[in-house]
Amino acid sequence: MYAIITRNLTRHFGKVAAVEDLNLKIPAGSLYGLVGPNGAGKTTTLRMLAGLLEPSDGEVRINELTMRKYWGEIQWQIGYMPDFFGVYDDLLVWEYLDFFARCYKISPDRRRQVINELLELVDLTEKRNAYVHTLSRGMRQRLCLAHALVHDPQVLLLDEPASGLDPRARVEMRELLRELRSMGKTILLSSHILSELAELCDDIAIMERGRLVISGPLAEIRRHVSEHRRIRIQLLNDWKLAESILSAHPGVRQIYPFENDGQVRLVEIEFNGDETQSADLLEQLVLHQARVASFSEVTTDLEEAFLRLTKGEVA
């Protein structure tokens, strides 16, 4: 089941297309990353998914419900955290959450329970009676995430949730998102911190100038930008023996030996073959008594993939 589906989703501002024919399918319970440079259309996309911006064309479905027809039901299923959020500095932390719980017409007894649970979830219990303006940026981010969760939505739309956070606060936010996913939430987040998306997300979509460039599992995107697989081999014995085997193999396109103290113990190859063929290559090395300490594929860096795709280097 897909929690979010967009079909030809489009939004124009005058003659400018902020989002053009966007088609996404985001599985329920997944943690999905939306990547793109400034002006790619990420925020516009999230605002349309949150029901805050009317599409110029196309369709949005949340948990199989069409947004135009079932908005009254859908708004209870969505929690939205914008990139720039307003907080009420003169409120206490618990009062801030209580205000939004009242907006969702949660009963007084239930409100107290929800606030306590959310403060524990985002690790702000000790700040319960602190004024919002005294919180650090990382704490404010977690408080605003708690605000998005106050009505227990199944779908979370988070626009740059780690923006401006220090390394420790980013780690805390990342762990919190993992915990929310383990609770069954579907999370769509945008970010420029590509290395963190690689660690965090099941799938990503890369946008450029309002259009979807590519989407899918990270491994597939990395393979898409690499003409050939790159394999790293760590050797324990004579390099010449391994070189002769590699040079004779039809799947090896290029060999890059790394010399250290006059000896080659590490080599990388460009390999034109699948997992079965790479296993056959390893078998050949072992059969010919090349002592292989490690044999692994070198993954394409996500930043490299992003730059190549958004520069149009890959069709």
# chains A, B, ... in the order shown; residues from 1 in each chain; ligands from 1
$ closest_atom_pairs --of "segment 31-148 of chain A" --to "segment 157-167 of chain A" --cutoff "9 Å" --atoms "only C-alpha atoms" --output "Markdown table"
| residue | atom | partner | partner_atom | distance |
| --- | --- | --- | --- | --- |
| A:Lys42 | CA | A:Asp159 | CA | 8.0 |
| A:Thr43 | CA | A:Asp159 | CA | 6.6 |
| A:Leu46 | CA | A:Leu157 | CA | 6.5 |
| A:Arg47 | CA | A:Leu157 | CA | 8.7 |
| A:Leu49 | CA | A:Leu157 | CA | 7.9 |
| A:Ala50 | CA | A:Leu157 | CA | 7.2 |
| A:Ile78 | CA | A:Leu157 | CA | 7.3 |
| A:Gly79 | CA | A:Leu157 | CA | 6.1 |
| A:Tyr80 | CA | A:Leu157 | CA | 4.8 |
| A:Met81 | CA | A:Leu158 | CA | 4.8 |
| A:Pro82 | CA | A:Asp159 | CA | 5.1 |
| A:Asp83 | CA | A:Asp159 | CA | 4.8 |
| A:Phe84 | CA | A:Asp159 | CA | 8.5 |
| A:Arg137 | CA | A:Leu165 | CA | 6.8 |
| A:Gly138 | CA | A:Leu165 | CA | 5.9 |
| A:Gln141 | CA | A:Pro161 | CA | 7.0 |
| A:Arg142 | CA | A:Pro161 | CA | 8.8 |
| A:Leu145 | CA | A:Pro161 | CA | 8.3 |
| A:Ala148 | CA | A:Leu157 | CA | 8.8 |
$ select_by_dssp --residues "segment 75-242 of chain A" --states "strand (DSSP E or B)" --output "ChimeraX atom specification"
/A:78-81,92,131,155-159,186-190,203-208,211-217,229-235
$ write_last_selection --atoms "C-alpha atoms" --output "PDB file, in the first residue's frame"
ATOM      1  CA  ILE A  78      -1.109  14.472   7.962  1.00  0.00           C
ATOM      2  CA  GLY A  79       1.432  16.167  10.199  1.00  0.00           C
ATOM      3  CA  TYR A  80       3.382  19.005   8.539  1.00  0.00           C
ATOM      4  CA  MET A  81       6.579  20.653   9.773  1.00  0.00           C
ATOM      5  CA  LEU A  92       5.701  27.555  28.166  1.00  0.00           C
ATOM      6  CA  TYR A 131       9.577  29.304  27.995  1.00  0.00           C
ATOM      7  CA  VAL A 155       1.922  10.645   7.454  1.00  0.00           C
ATOM      8  CA  LEU A 156       4.619  13.182   8.347  1.00  0.00           C
ATOM      9  CA  LEU A 157       5.795  15.860   5.904  1.00  0.00           C
ATOM     10  CA  LEU A 158       9.025  17.414   7.155  1.00  0.00           C
ATOM     11  CA  ASP A 159      10.666  20.270   5.268  1.00  0.00           C
ATOM     12  CA  THR A 186       5.277   7.265   6.849  1.00  0.00           C
ATOM     13  CA  ILE A 187       7.849  10.068   6.713  1.00  0.00           C
ATOM     14  CA  LEU A 188       8.637  12.258   3.720  1.00  0.00           C
ATOM     15  CA  LEU A 189      11.443  14.703   4.402  1.00  0.00           C
ATOM     16  CA  SER A 190      13.397  17.128   2.285  1.00  0.00           C
ATOM     17  CA  ASP A 203      14.244   5.567  -0.990  1.00  0.00           C
ATOM     18  CA  ILE A 204      14.896   9.044  -2.343  1.00  0.00           C
ATOM     19  CA  ALA A 205      13.618  11.243  -5.147  1.00  0.00           C
ATOM     20  CA  ILE A 206      15.880  13.823  -6.783  1.00  0.00           C
ATOM     21  CA  MET A 207      14.242  16.976  -8.142  1.00  0.00           C
ATOM     22  CA  GLU A 208      15.660  19.644 -10.432  1.00  0.00           C
ATOM     23  CA  ARG A 211      10.817  18.051 -12.270  1.00  0.00           C
ATOM     24  CA  LEU A 212      11.564  14.593 -10.966  1.00  0.00           C
ATOM     25  CA  VAL A 213      14.984  13.468 -12.202  1.00  0.00           C
ATOM     26  CA  ILE A 214      15.012   9.993 -10.662  1.00  0.00           C
ATOM     27  CA  SER A 215      13.493   8.118  -7.728  1.00  0.00           C
ATOM     28  CA  GLY A 216      13.911   4.761  -6.065  1.00  0.00           C
ATOM     29  CA  PRO A 217      16.183   2.847  -3.684  1.00  0.00           C
ATOM     30  CA  ARG A 229      30.479  -1.112 -11.261  1.00  0.00           C
ATOM     31  CA  ARG A 230      33.652  -0.438  -9.329  1.00  0.00           C
ATOM     32  CA  ILE A 231      35.106  -3.268  -7.223  1.00  0.00           C
ATOM     33  CA  ARG A 232      37.877  -2.948  -4.636  1.00  0.00           C
ATOM     34  CA  ILE A 233      40.140  -5.938  -3.997  1.00  0.00           C
ATOM     35  CA  GLN A 234      42.576  -6.236  -1.074  1.00  0.00           C
ATOM     36  CA  LEU A 235      45.403  -8.726  -1.742  1.00  0.00           C
TER      37      LEU A 235
END
$ select_by_dssp --residues "segment 131-272 of chain A" --states "alpha helix (DSSP H)" --output "CSV table (one decimal) with C-alpha atoms, in the first residue's frame"
chain,number,residue,atom,x,y,z
A,137,ARG,CA,17.4,25.6,18.0
A,138,GLY,CA,17.6,21.9,18.2
A,139,MET,CA,15.1,21.8,21.0
A,140,ARG,CA,12.8,24.1,19.0
A,141,GLN,CA,13.0,21.8,16.1
A,142,ARG,CA,12.0,18.8,18.3
A,143,LEU,CA,9.2,20.9,19.8
A,144,CYS,CA,7.8,21.7,16.4
A,145,LEU,CA,8.0,18.1,15.4
A,146,ALA,CA,6.0,17.3,18.5
A,147,HIS,CA,3.5,19.9,17.4
A,148,ALA,CA,3.2,18.1,14.0
A,167,PRO,CA,26.1,17.8,14.6
A,168,ARG,CA,24.8,16.5,18.0
A,169,ALA,CA,21.3,17.9,17.3
A,170,ARG,CA,21.3,16.3,13.8
A,171,VAL,CA,22.1,12.9,15.3
A,172,GLU,CA,19.3,13.3,17.9
A,173,MET,CA,16.8,14.3,15.1
A,174,ARG,CA,17.9,11.3,13.0
A,175,GLU,CA,17.4,8.9,15.9
A,176,LEU,CA,14.0,10.4,16.5
A,177,LEU,CA,12.9,10.0,12.9
A,178,ARG,CA,14.0,6.3,13.0
A,179,GLU,CA,11.9,5.8,16.1
A,180,LEU,CA,8.9,7.4,14.4
A,181,ARG,CA,9.3,5.1,11.5
A,182,SER,CA,9.4,2.1,13.9
A,194,LEU,CA,22.7,14.1,1.4
A,195,SER,CA,25.0,11.9,3.5
A,196,GLU,CA,22.3,11.8,6.3
A,197,LEU,CA,19.6,10.9,3.8
A,198,ALA,CA,21.8,8.0,2.6
A,199,GLU,CA,22.0,6.7,6.2
A,200,LEU,CA,18.4,7.3,7.0
A,218,LEU,CA,19.6,4.4,-3.1
A,219,ALA,CA,21.4,1.3,-4.5
A,220,GLU,CA,19.5,1.6,-7.8
A,221,ILE,CA,20.3,5.4,-8.1
A,222,ARG,CA,23.9,4.8,-7.5
A,223,ARG,CA,24.0,2.1,-10.2
A,224,HIS,CA,22.2,4.4,-12.6
A,225,VAL,CA,24.9,7.1,-12.4
A,239,TRP,CA,50.0,-8.6,-7.4
A,240,LYS,CA,51.3,-10.0,-10.8
A,241,LEU,CA,49.3,-13.2,-10.3
A,242,ALA,CA,46.1,-11.3,-9.7
A,243,GLU,CA,46.8,-8.8,-12.5
A,244,SER,CA,47.0,-11.6,-15.0
A,245,ILE,CA,43.7,-13.0,-13.9
A,246,LEU,CA,42.0,-9.7,-14.0
A,247,SER,CA,43.4,-8.7,-17.4
A,248,ALA,CA,42.1,-11.9,-18.9
$ atom_distance --atom1 "atom CA of Ile26 of chain A" --atom2 "atom CA of Trp76 of chain A"
18.6 Å
$ closest_residue --among "A:Arg209, A:Tyr96, A:Arg111, A:Leu282" --to "Lys127 of chain A" --atoms "only C-alpha atoms"
A:Tyr96
$ residues_around --residues "His249 of chain A" --least-positions-apart "4" --cutoff "10 Å" --atoms "only C-alpha atoms" --output "list in words"
Ser244, Ile245, Arg253, Phe271, Asp280, Leu281 and Gln284 of chain A
$ closest_residue --among "A:Leu119, A:Tyr104, A:Gly210, A:Ala293" --to "Leu22 of chain A" --atoms "only C-alpha atoms"
A:Gly210
$ atom_distance --atom1 "atom CA of Phe100 of chain A" --atom2 "atom CA of Val150 of chain A"
7.2 Å
$ residues_around --residues "Asp98 of chain A" --least-positions-apart "3" --cutoff "9 Å" --atoms "only C-alpha atoms" --output "JSON list (two decimals) with C-alpha atoms, in the first residue's frame"
[["chain", "number", "residue", "atom", "x", "y", "z"],
["A", 93, "VAL", "CA", 6.63, 24.39, 26.29],
["A", 94, "TRP", "CA", 3.61, 22.45, 27.57],
["A", 95, "GLU", "CA", 1.31, 25.41, 26.81],
["A", 101, "ALA", "CA", -4.02, 20.00, 20.94],
["A", 102, "ARG", "CA", -6.99, 22.29, 21.60],
["A", 103, "CYS", "CA", -7.03, 23.23, 17.91],
["A", 111, "ARG", "CA", -4.50, 16.44, 26.10],
["A", 112, "ARG", "CA", -2.51, 15.97, 29.29],
["A", 114, "VAL", "CA", -0.66, 13.42, 24.74],
["A", 115, "ILE", "CA", 1.55, 16.28, 25.92],
["A", 150, "VAL", "CA", -0.06, 16.17, 18.41]]
$ residues_around --residues "Ala17 of chain A" --least-positions-apart "4" --cutoff "12 Å" --atoms "only C-alpha atoms" --output "list in words"
Leu9, Thr10, Arg11, His12, Phe13, Asp21, Leu22, Gly39, Ala40, Gly41, Thr44, Thr45, Pro55, Ser56, Asp57, Glu208, Arg209, Gly210 and Arg211 of chain A
$ atom_distance --atom1 "atom CA of Pro153 of chain A" --atom2 "atom CA of Lys185 of chain A"
7.8 Å
$ closest_residue --among "A:Leu135, A:Leu287, A:Leu124, A:Leu118" --to "Asp152 of chain A" --atoms "only C-alpha atoms"
A:Leu118
